[in-house]
Every structure is written in C-alpha cells, then in structure tokens.
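Working notes, structure below.
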Amino acid sequence: MSISTLPRHAGARHSRGAHPTAAISSDVVRTVAPLPAVMLEPVVRAALLEDLGRAGDITTDAIVDADTESRLRLVARKPGVLAGLDLARMAFALTDPRIELLPALRDGVRLRPGDEIAVVGGPARGILTAERTALNLLCHLSGVASATAAIADAIRPYGTRVTCTRKTLPGMRALQKYAVRVGGGSNHRFGLDDAMLIKDNHVALAGGIKPAIERARAAAGHLVKIELEVDTLAQLEEALALGVDVVLLDNMDLAQLRQAVAMAKGRAITEASGGVTPETAPAIAATGVDLIAIGWITHSVQVLDIGLDA
C-alpha cells in the first residue's frame, strides 16, 4: 500500500457479483439495524490493544512523519456482501480521532471487484496503525455475510431460512450474528440463556426424552422456547407427542427429512442440520424444512478480500 493524497469519492456504482462458493443474487440488498457503538467498542479496542502491544506501531512511527496526511480507499477485491463497516470506522477513530471514514456504500450491499466502499482520510500514521485491525474485522464479517447470502439465495425459492448456531468465535458472537442477518440469514439462540436446546447428552443424563422435556418445561419461563435434537423418526414422534416447539433434525438423509417434515407439519418448527454446503442446501430446503442450521458460516468461513488502496 502506498501513501498518497486522493480526492474525496463522490459515490459508488451499484454492486453486482457472486460469492466464490455459490451464486449470490445481484438484486437483493439486506437492510439490518446497526449494532450500537457500546457493543462494538470493546471488541475493536481489545483488537487494537493486542496489535499495539507495549510500544505501539514502531515501524510506522519510525518511517512516517507525524504531520503526513493521507487519503486511501477501501476497495472490494472479490464479490460478496459488505458487513462490518462501523467496526472499521471505529478502529480508525479509536487510533486517531482525526481520521475520517467517508462511506460510499453500506452494510448489506452486494459487492463486485473494484467497488469503492469508503474513503479513509487523515493522519497517515493512524491510518497505517489501524489498517490491519479495521480490515480483519471488515473482511471477516463480510465473509460471514457473503457465505450466508450464498446459502440464503440458493434456498430462497423454497421458503426455507438459513440460520447460524452457537459455533461462533469467542468474543465475536454478537458481531457474527449481525453479519448473518446482513447476509439474509436468521439467528438461532444467542446463548445458553435465551432458549432451551435439548441435545443427546441432555437426554442421556436425564434418562430419556420424556424426562428431559418434562424437566425443561417445568423450568422454562413463558417466553422460553424448547427445541429437541433428534436423529431418528422414532425420537421425532416421541418429541411431537410431548409438544416441543422446535425439532432439530440432525444428520438425516433427504428421505428421512421429507418424512420428518410431514410428521411435524402443524405441530413443530423443523430445523435441519449436519453437513450442509451451498451445493446440498437446495435439496435439503426442497424437503420442506423451515430452517437449515449451519455452523461453518461463523466458525470457519473464508474472509472476503477487501483492501485499503491508494
């Protein structure tokens, strides 16, 4: 990256493109309420402090004069969905409040290579120091949004929704779940405290499905939903008879999923999980399940390549 003075960017073209893993619709822009700054700042501040260490940016401080000003552009290098621009803005502002980020696009926009996302201007030292933290957060969350959009677009004709899981990076859950929403997905429970998900180990320790559900129902508040994970149709029938709100159909094949959907219709929400990819998602959605839960869209997603260029 070189240092230069650039004119302010007056605007940006509408974006088109496709995610590397699957086609992303070019005519859908997701509008999601931004997260408040109080939720963003602890993450950004911690990331900056980790990078600055004990002596700050010794490379930039040695090479770049304190009075040097610069104006650079955030530019998409790959197609995808933008998410996390507020985090990038905060990374620059916390490093030096004189740095200004002027957005040309907003979160939820479909990007194509070469799209100008924003112009960053101000003291060059601060821009270079904050660059990696800003890009780490922006590229990661845009990767989450892009992967989610690829699945959401593929299954949209079936009325099925893609949802994330609790398989999030430590300290990043609220941000990753925000990016899932930006990409057109839905959020599963946010933590252990806002809904009950009874898994196989719970059932084993309780001594069976019936006592597990009964104990959960006795403890649940009136607004708390109860979901049970099942991997056989016999377990599903037992769960439906006991009246759970949601059934998680774990690693079922397509024939089992179709039968499970027929059994649960009008009795419980159905959620499929296990080994879902952009290629397999449409067939899973075609079974009629309400939701498809995917962990990799948060825990191991590929970042979206965005650069800070002259």
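Residues are referred to by chain and number: the chain letter is A, B, ... according to the order shown in the structure tokens, the number counts from 1 in that chain, and ligands are numbered separately from 1 in the order shown.
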Item to check | Thr59 in chain A environment, 10 Å, only C-alpha atoms, sequence neighbours closer than 2 positions dropped, as an MDAnalysis selection string | outcome: chainID A and resid 56:57 61:64 125 128:129
Next on the checklist: For Ile292 in chain A, find every residue with an atom within 10 Å (counting only C-alpha atoms), except residues of its own chain fewer than 2 positions away, and show them as a ChimeraX atom specification.
Outcome noted: /A:151-152,155,160-164,185-186,248-249,270-274,276,281,284-285,289-290,294
Item to check | Residue nearest Leu52 in chain A among A:Pro211, A:Gly171, A:Gly114, A:Gly126 (counting only C-alpha atoms) | outcome: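 Checking each candidate against Leu52 in chain A, we get A:Gly126 as the closest.
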Next on the checklist: Based on the backbone DSSP call, show me all residues of range 119-171 of chain A assigned alpha helix (DSSP H), as a VMD selection string.
Outcome noted: chain A and resid 124 to 155
Item to check | strand (DSSP E) call set, DSSP backbone run, range 35-238 of chain A, as a VMD selection string | outcome: chain A and resid 69 to 76 80 to 81 100 to 103 110 to 111 116 to 123 161 to 163 196 to 198 226 to 230
Next on the checklist: Which residues are close to range 228-243 of chain A, i.e. within 8 Å by only C-alpha atoms, leaving aside same-chain residues fewer than 4 positions away? Reply as a list in words.
Outcome noted: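 Returned residues: Leu197, Ile198, Lys199, Asp200, Ile209, Lys210, Ile213, Val247, Leu248, Leu249, Asp250, Asn251, Met252, Gln256, Ala260, Met263, Ala264, Arg267 and Ala268 of chain A.
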Keeping only N, CA and C atoms, write the selected residues to a file as a short mmCIF file (atom, residue, chain, number, x, y, z; two decimals), in the first residue's frame.
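Now in out-v2.cif:
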```
data_model
loop_
_atom_site.label_atom_id
_atom_site.label_comp_id
_atom_site.auth_asym_id
_atom_site.auth_seq_id
_atom_site.Cartn_x
_atom_site.Cartn_y
_atom_site.Cartn_z
N LEU A 197 -32.25 -25.81 24.16
CA LEU A 197 -31.98 -26.80 23.13
C LEU A 197 -31.51 -28.08 23.82
N ILE A 198 -32.38 -29.08 23.80
CA ILE A 198 -32.08 -30.35 24.46
C ILE A 198 -31.38 -31.25 23.46
N LYS A 199 -30.10 -31.56 23.76
CA LYS A 199 -29.29 -32.37 22.86
C LYS A 199 -29.15 -33.79 23.40
N ASP A 200 -28.44 -34.64 22.66
CA ASP A 200 -28.36 -36.05 23.02
C ASP A 200 -27.78 -36.29 24.40
N ILE A 209 -35.99 -39.01 26.59
CA ILE A 209 -36.58 -37.80 26.02
C ILE A 209 -37.68 -37.24 26.92
N LYS A 210 -38.56 -38.10 27.40
CA LYS A 210 -39.70 -37.64 28.20
C LYS A 210 -39.25 -36.91 29.47
N ILE A 213 -37.65 -33.44 28.54
CA ILE A 213 -38.61 -32.41 28.15
C ILE A 213 -39.43 -31.95 29.34
N VAL A 247 -38.04 -28.93 16.47
CA VAL A 247 -37.26 -30.17 16.42
C VAL A 247 -36.06 -29.94 15.51
N LEU A 248 -34.88 -30.29 16.04
CA LEU A 248 -33.64 -30.20 15.27
C LEU A 248 -33.37 -31.57 14.66
N LEU A 249 -33.49 -31.67 13.35
CA LEU A 249 -33.35 -32.93 12.63
C LEU A 249 -31.90 -33.09 12.24
N ASP A 250 -31.16 -33.86 13.03
CA ASP A 250 -29.71 -33.89 12.92
C ASP A 250 -29.22 -35.00 11.99
N ASN A 251 -28.50 -34.60 10.94
CA ASN A 251 -27.85 -35.55 10.03
C ASN A 251 -28.80 -36.57 9.42
N MET A 252 -30.02 -36.15 9.11
CA MET A 252 -30.96 -37.04 8.43
C MET A 252 -30.76 -36.96 6.93
N GLN A 256 -35.53 -39.18 4.97
CA GLN A 256 -35.94 -39.01 6.36
C GLN A 256 -36.44 -37.59 6.62
N ALA A 260 -39.96 -36.55 8.07
CA ALA A 260 -40.00 -35.79 9.32
C ALA A 260 -40.82 -34.52 9.17
N MET A 263 -44.45 -35.42 9.26
CA MET A 263 -44.87 -35.76 10.62
C MET A 263 -45.05 -34.52 11.49
N ALA A 264 -44.16 -33.54 11.32
CA ALA A 264 -44.15 -32.38 12.21
C ALA A 264 -45.06 -31.25 11.74
N ARG A 267 -47.28 -29.09 13.93
CA ARG A 267 -47.03 -29.50 15.32
C ARG A 267 -45.75 -28.91 15.88
N ALA A 268 -44.76 -28.65 15.04
CA ALA A 268 -43.49 -28.08 15.50
C ALA A 268 -42.73 -27.51 14.31
#
```
Checklist entry - Val43 in chain A: which residues within 8 Å, counting only C-alpha atoms, same-chain residues fewer than 4 positions away excluded, as a ChimeraX atom specification? => result /A:39,47,171-172
Checklist outcome for this item: From the list A:Asp153, A:Asp194, A:Asp51, A:Asp253, the nearest residue to Pro278 in chain A using only C-alpha atoms is A:Asp153
Item to check | 9 Å contact set for range 133-135 of chain A, only C-alpha atoms, chain neighbours under 4 positions out, as number ranges by chain | outcome: A: 44, 47-48, 51, 74, 85, 87-92, 129, 139-140, 305-308
Item to check | Long-range neighbours of Glu69 in chain A as a VMD selection string, 7 Å cut-off, only C-alpha atoms, 4 positions minimum in chain | outcome: chain A and resid 122 to 124
Take the residues that were just selected and, keeping C-alpha atoms, output them as a PDB file, in the first residue's frame.
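That gives us result.pdb:
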```pdb
ATOM      1  CA  GLY A 122      -6.452  11.906   7.960  1.00  0.00           C
ATOM      2  CA  PRO A 123      -3.103  11.430   9.710  1.00  0.00           C
ATOM      3  CA  ALA A 124      -1.166   8.754   7.841  1.00  0.00           C
TER       4      ALA A 124
END
```
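The nearest approach to Leu137 in chain A among the residues A:Ala66, A:Asp115, A:Ala33, A:Leu304, with only C-alpha atoms taken into account, belongs to A:Leu304.
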